[in-house]
file entry-v7.tsv (TSV, C-alpha atoms)
chain	number	residue	atom	x	y	z
A	11	MET	CA	103.12	135.53	95.94
A	12	VAL	CA	105.03	137.71	93.50
A	13	LEU	CA	107.82	136.59	91.21
A	14	SER	CA	110.84	138.89	91.22
A	15	ALA	CA	112.73	139.71	88.04
A	16	GLU	CA	115.40	137.26	89.14
A	17	ASP	CA	112.78	134.56	89.74
A	18	LYS	CA	111.37	135.07	86.25
A	19	ALA	CA	114.84	134.88	84.70
A	20	ASN	CA	115.56	131.67	86.59
A	21	VAL	CA	112.27	130.11	85.49
A	22	LYS	CA	112.91	131.03	81.85
A	23	ALA	CA	116.45	129.62	81.98
A	24	ALA	CA	115.28	126.39	83.59
A	25	TRP	CA	112.41	126.03	81.11
A	26	ASP	CA	114.78	126.54	78.17
A	27	LYS	CA	116.97	123.71	79.44
A	28	ILE	CA	113.97	121.40	79.41
A	29	GLY	CA	113.90	121.93	75.65
A	30	GLY	CA	111.71	119.45	73.83
A	31	HIS	CA	111.52	117.04	76.75
A	32	GLY	CA	108.47	118.62	78.34
A	33	ALA	CA	106.06	115.79	77.50
A	34	GLU	CA	108.53	113.13	78.67
A	35	TYR	CA	109.19	114.90	81.99
A	36	GLY	CA	105.48	115.62	82.46
A	37	ALA	CA	104.68	111.92	82.09
A	38	GLU	CA	107.51	110.91	84.43
A	39	ALA	CA	106.39	113.42	87.07
A	40	LEU	CA	102.84	112.03	86.90
A	41	GLU	CA	104.06	108.46	87.21
A	42	ARG	CA	106.26	109.35	90.19
A	43	MET	CA	103.33	111.08	91.82
A	44	PHE	CA	101.03	108.07	91.36
A	45	VAL	CA	103.67	105.71	92.81
A	46	SER	CA	104.76	107.84	95.80
A	47	PHE	CA	101.38	109.38	96.61
A	48	PRO	CA	98.76	106.77	95.71
A	49	THR	CA	95.87	108.96	96.90
A	50	THR	CA	96.40	111.05	93.77
A	51	LYS	CA	95.30	108.10	91.67
A	52	THR	CA	91.75	108.63	92.91
A	53	TYR	CA	91.41	111.45	90.39
A	54	PHE	CA	92.13	109.09	87.48
A	55	PRO	CA	89.91	106.02	87.86
A	56	HIS	CA	89.28	106.11	84.11
A	57	PHE	CA	93.00	105.93	83.23
A	58	ASP	CA	95.32	103.01	82.66
A	59	LEU	CA	98.01	103.95	85.19
A	60	SER	CA	100.48	101.17	84.41
A	61	HIS	CA	104.08	102.13	83.58
A	62	GLY	CA	104.38	103.63	80.12
A	63	SER	CA	100.63	103.86	79.55
A	64	ALA	CA	99.55	105.93	76.57
A	65	GLN	CA	97.16	107.86	78.77
A	66	ILE	CA	99.94	108.93	81.15
A	67	GLN	CA	102.11	109.95	78.18
A	68	GLY	CA	99.23	111.95	76.73
A	69	HIS	CA	98.41	113.59	80.00
A	70	GLY	CA	102.07	114.36	80.71
A	71	LYS	CA	102.13	116.24	77.41
A	72	LYS	CA	99.07	118.28	78.43
A	73	VAL	CA	100.63	119.18	81.75
A	74	ALA	CA	103.90	120.19	80.07
A	75	GLU	CA	102.06	122.36	77.54
A	76	ALA	CA	100.21	124.13	80.32
A	77	LEU	CA	103.49	124.75	82.15
A	78	ALA	CA	105.01	126.10	78.94
A	79	THR	CA	102.09	128.52	78.65
A	80	ALA	CA	102.67	129.58	82.24
A	81	ALA	CA	106.41	130.01	81.65
A	82	SER	CA	105.76	132.35	78.74
A	83	HIS	CA	103.24	134.43	80.69
A	84	LEU	CA	105.19	135.02	83.87
A	85	ASP	CA	104.07	138.64	83.97
A	86	ASP	CA	100.49	137.63	83.89
A	87	LEU	CA	100.07	134.23	85.50
A	88	PRO	CA	96.65	134.66	87.11
A	89	SER	CA	94.88	135.50	83.85
A	90	ALA	CA	96.92	133.11	81.69
A	91	LEU	CA	95.98	130.23	83.98
A	92	SER	CA	92.48	131.33	84.96
A	93	ALA	CA	90.73	128.87	82.64
A	94	LEU	CA	92.80	125.99	84.03
A	95	SER	CA	92.14	127.15	87.55
A	96	ASP	CA	88.40	127.14	86.93
A	97	LEU	CA	88.64	123.68	85.38
A	98	HIS	CA	90.53	122.18	88.33
A	99	ALA	CA	88.37	123.90	90.92
A	100	HIS	CA	84.86	123.67	89.54
A	101	LYS	CA	84.86	120.72	87.19
A	102	LEU	CA	87.63	118.38	88.40
A	103	ARG	CA	87.39	119.50	92.04
A	104	VAL	CA	90.99	118.67	92.88
A	105	ASP	CA	92.10	119.27	96.46
A	106	PRO	CA	94.83	121.91	96.00
A	107	VAL	CA	97.22	119.99	98.24
A	108	ASN	CA	97.75	117.66	95.28
A	109	PHE	CA	99.26	120.46	93.16
A	110	LYS	CA	102.19	120.52	95.59
A	111	LEU	CA	102.66	116.77	95.24
A	112	LEU	CA	102.84	116.96	91.44
A	113	SER	CA	105.16	119.97	91.51
A	114	HIS	CA	107.46	118.16	93.96
A	115	CYS	CA	107.58	115.17	91.61
A	116	LEU	CA	108.35	117.46	88.69
A	117	LEU	CA	111.29	118.88	90.65
A	118	VAL	CA	112.50	115.35	91.41
A	119	THR	CA	112.24	114.46	87.71
A	120	LEU	CA	114.29	117.52	86.78
A	121	ALA	CA	116.85	116.72	89.48
B	6	MET	CA	103.21	99.70	113.25
B	7	VAL	CA	104.85	100.38	109.93
B	8	VAL	CA	105.23	97.45	107.58
B	9	TRP	CA	108.23	97.59	105.28
B	10	THR	CA	108.57	95.41	102.21
B	11	ASP	CA	111.97	93.84	101.55
B	12	PHE	CA	112.39	96.18	98.61
B	13	GLU	CA	111.74	99.23	100.80
B	14	ARG	CA	114.14	98.09	103.49
B	15	THR	CA	116.95	97.32	101.07
B	16	THR	CA	116.38	100.54	99.16
B	17	ILE	CA	116.59	102.74	102.28
B	18	GLN	CA	119.64	100.92	103.66
B	19	ASP	CA	121.26	101.16	100.25
B	20	ILE	CA	120.63	104.88	99.75
B	21	PHE	CA	122.04	105.79	103.16
B	22	SER	CA	125.03	103.46	103.01
B	23	LYS	CA	126.16	105.12	99.79
B	24	MET	CA	125.36	108.68	100.84
B	25	ASN	CA	127.98	111.35	101.39
B	26	TYR	CA	126.50	112.82	104.58
B	27	GLU	CA	128.52	116.01	104.45
B	28	VAL	CA	127.53	116.98	100.93
B	29	VAL	CA	123.93	115.82	101.03
B	30	GLY	CA	123.26	117.28	104.49
B	31	GLN	CA	124.67	120.65	103.57
B	32	GLN	CA	122.88	120.77	100.21
B	33	ALA	CA	119.49	119.78	101.63
B	34	LEU	CA	119.58	122.25	104.51
B	35	ALA	CA	120.92	125.06	102.28
B	36	ARG	CA	118.14	124.47	99.73
B	37	CYS	CA	115.54	124.52	102.48
B	38	LEU	CA	116.82	127.86	103.83
B	39	ILE	CA	117.01	129.34	100.33
B	40	VAL	CA	113.78	128.02	98.82
B	41	TYR	CA	111.66	128.40	101.98
B	42	PRO	CA	113.21	131.48	103.58
B	43	TRP	CA	110.97	131.45	106.65
B	44	THR	CA	112.87	128.38	107.85
B	45	GLN	CA	115.77	130.72	108.54
B	46	ARG	CA	113.89	131.80	111.67
B	47	TYR	CA	115.31	128.80	113.50
B	48	PHE	CA	118.90	129.71	112.73
B	49	GLY	CA	119.28	133.23	114.06
B	50	ASN	CA	122.77	132.58	115.36
B	51	PHE	CA	124.11	131.10	112.13
B	52	GLY	CA	125.57	134.38	110.91
B	53	ASN	CA	125.32	135.35	107.26
B	54	LEU	CA	122.19	133.91	105.60
B	55	TYR	CA	121.47	136.94	103.47
B	56	ASN	CA	121.49	135.34	100.05
B	57	ALA	CA	121.83	131.98	98.34
B	58	ALA	CA	125.60	132.29	97.92
B	59	ALA	CA	126.05	133.15	101.60
B	60	ILE	CA	123.88	130.23	102.69
B	61	LEU	CA	125.69	127.79	100.41
B	62	GLY	CA	129.05	128.92	101.76
B	63	ASN	CA	128.03	129.09	105.42
B	64	PRO	CA	130.03	126.58	107.51
B	65	MET	CA	127.41	126.42	110.27
B	66	VAL	CA	124.79	125.38	107.73
B	67	ALA	CA	127.13	122.67	106.45
B	68	ALA	CA	127.84	121.40	109.94
B	69	HIS	CA	124.19	121.38	110.90
B	70	GLY	CA	123.19	119.63	107.68
B	71	LYS	CA	125.48	116.81	108.71
B	72	VAL	CA	123.91	116.69	112.20
B	73	VAL	CA	120.44	116.36	110.67
B	74	LEU	CA	121.50	113.52	108.40
B	75	HIS	CA	123.13	111.64	111.23
B	76	GLY	CA	119.81	112.04	113.02
B	77	LEU	CA	118.18	110.26	110.08
B	78	ASP	CA	120.69	107.48	110.56
B	79	LYS	CA	118.91	106.63	113.79
B	80	ALA	CA	115.74	105.97	111.83
B	81	VAL	CA	117.58	103.89	109.23
B	82	LYS	CA	119.04	101.71	112.00
B	83	ASN	CA	115.68	101.33	113.78
B	84	MET	CA	113.27	101.04	110.91
B	85	ASP	CA	110.96	98.75	112.85
B	86	ASP	CA	110.33	101.25	115.61
B	87	ILE	CA	111.19	104.73	114.45
B	88	LYS	CA	108.49	106.07	116.75
B	89	ALA	CA	110.38	104.95	119.86
B	90	ALA	CA	113.80	105.79	118.47
B	91	TYR	CA	112.64	109.37	117.84
B	92	ALA	CA	110.82	110.04	121.12
B	93	GLU	CA	113.64	112.21	122.48
B	94	LEU	CA	114.24	114.03	119.20
B	95	SER	CA	110.55	114.80	119.02
B	96	VAL	CA	110.56	116.35	122.48
B	97	LEU	CA	113.69	118.33	121.55
B	98	HIS	CA	112.10	119.79	118.42
B	99	SER	CA	108.82	120.62	120.09
B	100	GLU	CA	109.72	121.69	123.62
B	101	LYS	CA	113.17	123.13	123.17
B	102	LEU	CA	113.54	124.22	119.55
B	103	HIS	CA	109.86	125.09	118.95
B	104	VAL	CA	109.94	124.07	115.29
B	105	ASP	CA	106.66	124.19	113.35
B	106	PRO	CA	106.30	120.56	112.18
B	107	ASP	CA	105.30	121.65	108.69
B	108	ASN	CA	108.96	122.53	108.19
B	109	PHE	CA	109.95	118.87	108.53
B	110	ARG	CA	108.11	118.19	105.28
B	111	LEU	CA	109.89	121.08	103.55
B	112	LEU	CA	113.32	119.83	104.58
B	113	GLY	CA	112.29	116.31	103.58
B	114	ASP	CA	111.29	117.55	100.11
B	115	CYS	CA	114.64	119.31	99.68
B	116	LEU	CA	116.46	116.18	100.81
B	117	THR	CA	114.52	114.11	98.27
B	118	ILE	CA	115.56	116.50	95.51
B	119	VAL	CA	119.25	116.38	96.48
B	120	VAL	CA	119.20	112.57	96.64
B	121	ALA	CA	117.42	112.45	93.27
B	122	ALA	CA	120.11	114.64	91.73
B	123	GLN	CA	122.84	112.44	93.20
B	124	LEU	CA	121.33	109.12	92.11
B	125	GLY	CA	120.08	110.26	88.71
B	126	ALA	CA	118.22	107.57	86.81
B	127	ALA	CA	118.75	105.12	89.68
B	128	PHE	CA	116.21	107.14	91.65
B	129	THR	CA	113.33	105.38	89.92
B	130	PRO	CA	109.69	106.07	90.83
B	131	GLU	CA	109.70	102.92	93.00
B	132	VAL	CA	112.88	103.97	94.82
B	133	GLN	CA	111.41	107.43	95.27
B	134	ALA	CA	108.23	105.96	96.75
B	135	ALA	CA	110.25	103.98	99.31
B	136	PHE	CA	112.22	107.10	100.22
B	137	GLN	CA	109.06	109.24	100.50
B	138	LYS	CA	107.45	106.60	102.73
B	139	PHE	CA	110.54	106.51	104.96
B	140	LEU	CA	110.52	110.30	105.29
B	141	ALA	CA	106.78	110.31	106.02
B	142	VAL	CA	107.32	107.85	108.90
B	143	VAL	CA	110.25	109.92	110.23
B	144	ILE	CA	108.19	113.13	110.08
B	145	SER	CA	105.21	111.49	111.75
B	146	SER	CA	107.46	110.23	114.57
B	147	LEU	CA	108.95	113.68	115.03
B	148	ARG	CA	105.46	115.16	115.31
B	149	ARG	CA	104.28	112.75	117.99
B	150	GLN	CA	105.40	114.64	121.07
B	151	TYR	CA	103.86	117.96	120.04
B	152	HIS	CA	100.86	118.93	122.12
call {"tool": "encode", "arguments": {"input": "entry-v7.tsv", "output": "structure tokens"}}
result
Amino acid sequence: MVLSAEDKANVKAAWDKIGGHGAEYGAEALERMFVSFPTTKTYFPHFDLSHGSAQIQGHGKKVAEALATAASHLDDLPSALSALSDLHAHKLRVDPVNFKLLSHCLLVTLA
Amino acid sequence: MVVWTDFERTTIQDIFSKMNYEVVGQQALARCLIVYPWTQRYFGNFGNLYNAAAILGNPMVAAHGKVVLHGLDKAVKNMDDIKAAYAELSVLHSEKLHVDPDNFRLLGDCLTIVVAAQLGAAFTPEVQAAFQKFLAVVISSLRRQYH
């Protein structure tokens, strides 16, 4: 899947609007995902998943930072994200269907 | 048999009673056609779908969006047996329209996003979960008659 020049411009514009709220939105997206799609919680048995938990806030920040990295490397996504891809595939072993669930919840948060 | 909590029931009834079917239907279907362009395959006779602006301004898309939402109404009014209420619609989508059921999820996702934008902060994670569950039941009922 290739991003067109227009796609990249749209992503940059949307990311700019997020401003400094990345961590907040990341945490909200995670919380929404855990509530709407409880199977995703199975990947976080070691977390306190209650509303407002420090672990969700912290993890939301990590997710937002990774997305910021991606947004600034739109011309080179596969290599910019290759370390994260390896992590999720080989160490965390996350079923890729869950990436769609989190991205949907991020879109809902932004909406 | 699907078990609904009181919260889920009230939430779904509430969302739909306040919804502007014309706006939400049109927005959801337009987003689906724009964001997931292969869904346009089912609308060959809708005229100009060449770009986002055309899709957003297309009156047939608007009209059909409304039809889809009124279809959802049926589920809202028959929450205790959506499976039965949707038997005919399921046959229609599988035998007559030949729609790949994966597309139901895509339209459902777009609808969720439009509703989220409309309700803002009121679309809390709990409200979202009720809405997602409702859509999952609707989609599962629509898929039943495929063979």
call {"tool": "interface_residues", "arguments": {"input": "entry-v7.tsv", "of": "chain A", "to": "chain B", "cutoff": "8 Å", "atoms": "only C-alpha atoms", "output": "VMD selection string"}}
result
chain A and resid 41 to 42 45 to 47 114 117 to 119 121
call {"tool": "atom_distance", "arguments": {"input": "entry-v7.tsv", "atom1": "CA of Glu34 (chain A)", "atom2": "CA of Ala78 (chain A)"}}
result
13.4 Å
call {"tool": "atom_distance", "arguments": {"input": "entry-v7.tsv", "atom1": "CA of Lys72 (chain A)", "atom2": "CA of Tyr41 (chain B)"}}
result
28.6 Å
call {"tool": "residues_around", "arguments": {"input": "entry-v7.tsv", "residues": "region 57-64 of chain A", "least_positions_apart": "5", "cutoff": "10 Å", "atoms": "only C-alpha atoms", "output": "list in words"}}
result
Ala37, Glu38, Leu40, Glu41, Phe44, Val45, Lys51, His69 and Gly70 of chain A; Pro130 of chain B
call {"tool": "write_last_selection", "arguments": {"input": "entry-v7.tsv", "atoms": "C-alpha atoms", "output": "PDB file, in the coordinates of the input"}}
result
ATOM      1  CA  ALA A  37     104.680 111.920  82.090  1.00  0.00           C
ATOM      2  CA  GLU A  38     107.510 110.910  84.430  1.00  0.00           C
ATOM      3  CA  LEU A  40     102.840 112.030  86.900  1.00  0.00           C
ATOM      4  CA  GLU A  41     104.060 108.460  87.210  1.00  0.00           C
ATOM      5  CA  PHE A  44     101.030 108.070  91.360  1.00  0.00           C
ATOM      6  CA  VAL A  45     103.670 105.710  92.810  1.00  0.00           C
ATOM      7  CA  LYS A  51      95.300 108.100  91.670  1.00  0.00           C
ATOM      8  CA  HIS A  69      98.410 113.590  80.000  1.00  0.00           C
ATOM      9  CA  GLY A  70     102.070 114.360  80.710  1.00  0.00           C
TER      10      GLY A  70
ATOM     11  CA  PRO B 130     109.690 106.070  90.830  1.00  0.00           C
TER      12      PRO B 130
END
call {"tool": "atom_distance", "arguments": {"input": "entry-v7.tsv", "atom1": "CA of Leu84 (chain A)", "atom2": "CA of Ala24 (chain A)"}}
result
13.3 Å
call {"tool": "residues_around", "arguments": {"input": "entry-v7.tsv", "residues": "Leu111 (chain B)", "least_positions_apart": "6", "cutoff": "10 Å", "atoms": "only C-alpha atoms", "output": "MDAnalysis selection string"}}
result
chainID B and resid 33:34 36:38 40:41 44 117
call {"tool": "decode", "arguments": {"input": "entry-v7.tsv", "residues": "region 78-104 of chain B", "atoms": "C-alpha atoms", "output": "CSV table (one decimal), in the first residue's frame"}}
result
chain,number,residue,atom,x,y,z
B,78,ASP,CA,-33.9,1.1,12.7
B,79,LYS,CA,-35.3,-2.4,12.3
B,80,ALA,CA,-32.6,-3.7,14.5
B,81,VAL,CA,-33.1,-1.0,17.1
B,82,LYS,CA,-36.8,-1.8,17.3
B,83,ASN,CA,-36.1,-5.6,17.6
B,84,MET,CA,-33.1,-5.7,19.7
B,85,ASP,CA,-34.1,-9.0,21.3
B,86,ASP,CA,-34.2,-10.9,18.0
B,87,ILE,CA,-32.2,-9.1,15.4
B,88,LYS,CA,-31.4,-12.4,13.8
B,89,ALA,CA,-35.0,-13.0,12.8
B,90,ALA,CA,-35.7,-9.4,12.0
B,91,TYR,CA,-32.8,-9.4,9.5
B,92,ALA,CA,-33.5,-12.8,7.8
B,93,GLU,CA,-34.8,-11.1,4.7
B,94,LEU,CA,-32.2,-8.4,4.5
B,95,SER,CA,-29.5,-11.1,4.9
B,96,VAL,CA,-30.9,-13.0,1.9
B,97,LEU,CA,-31.1,-9.7,-0.1
B,98,HIS,CA,-27.5,-8.9,0.5
B,99,SER,CA,-26.2,-12.3,-0.2
B,100,GLU,CA,-28.4,-13.6,-3.0
B,101,LYS,CA,-29.4,-10.5,-4.8
B,102,LEU,CA,-26.8,-7.9,-4.1
B,103,HIS,CA,-23.8,-10.2,-3.7
B,104,VAL,CA,-22.1,-8.1,-1.1
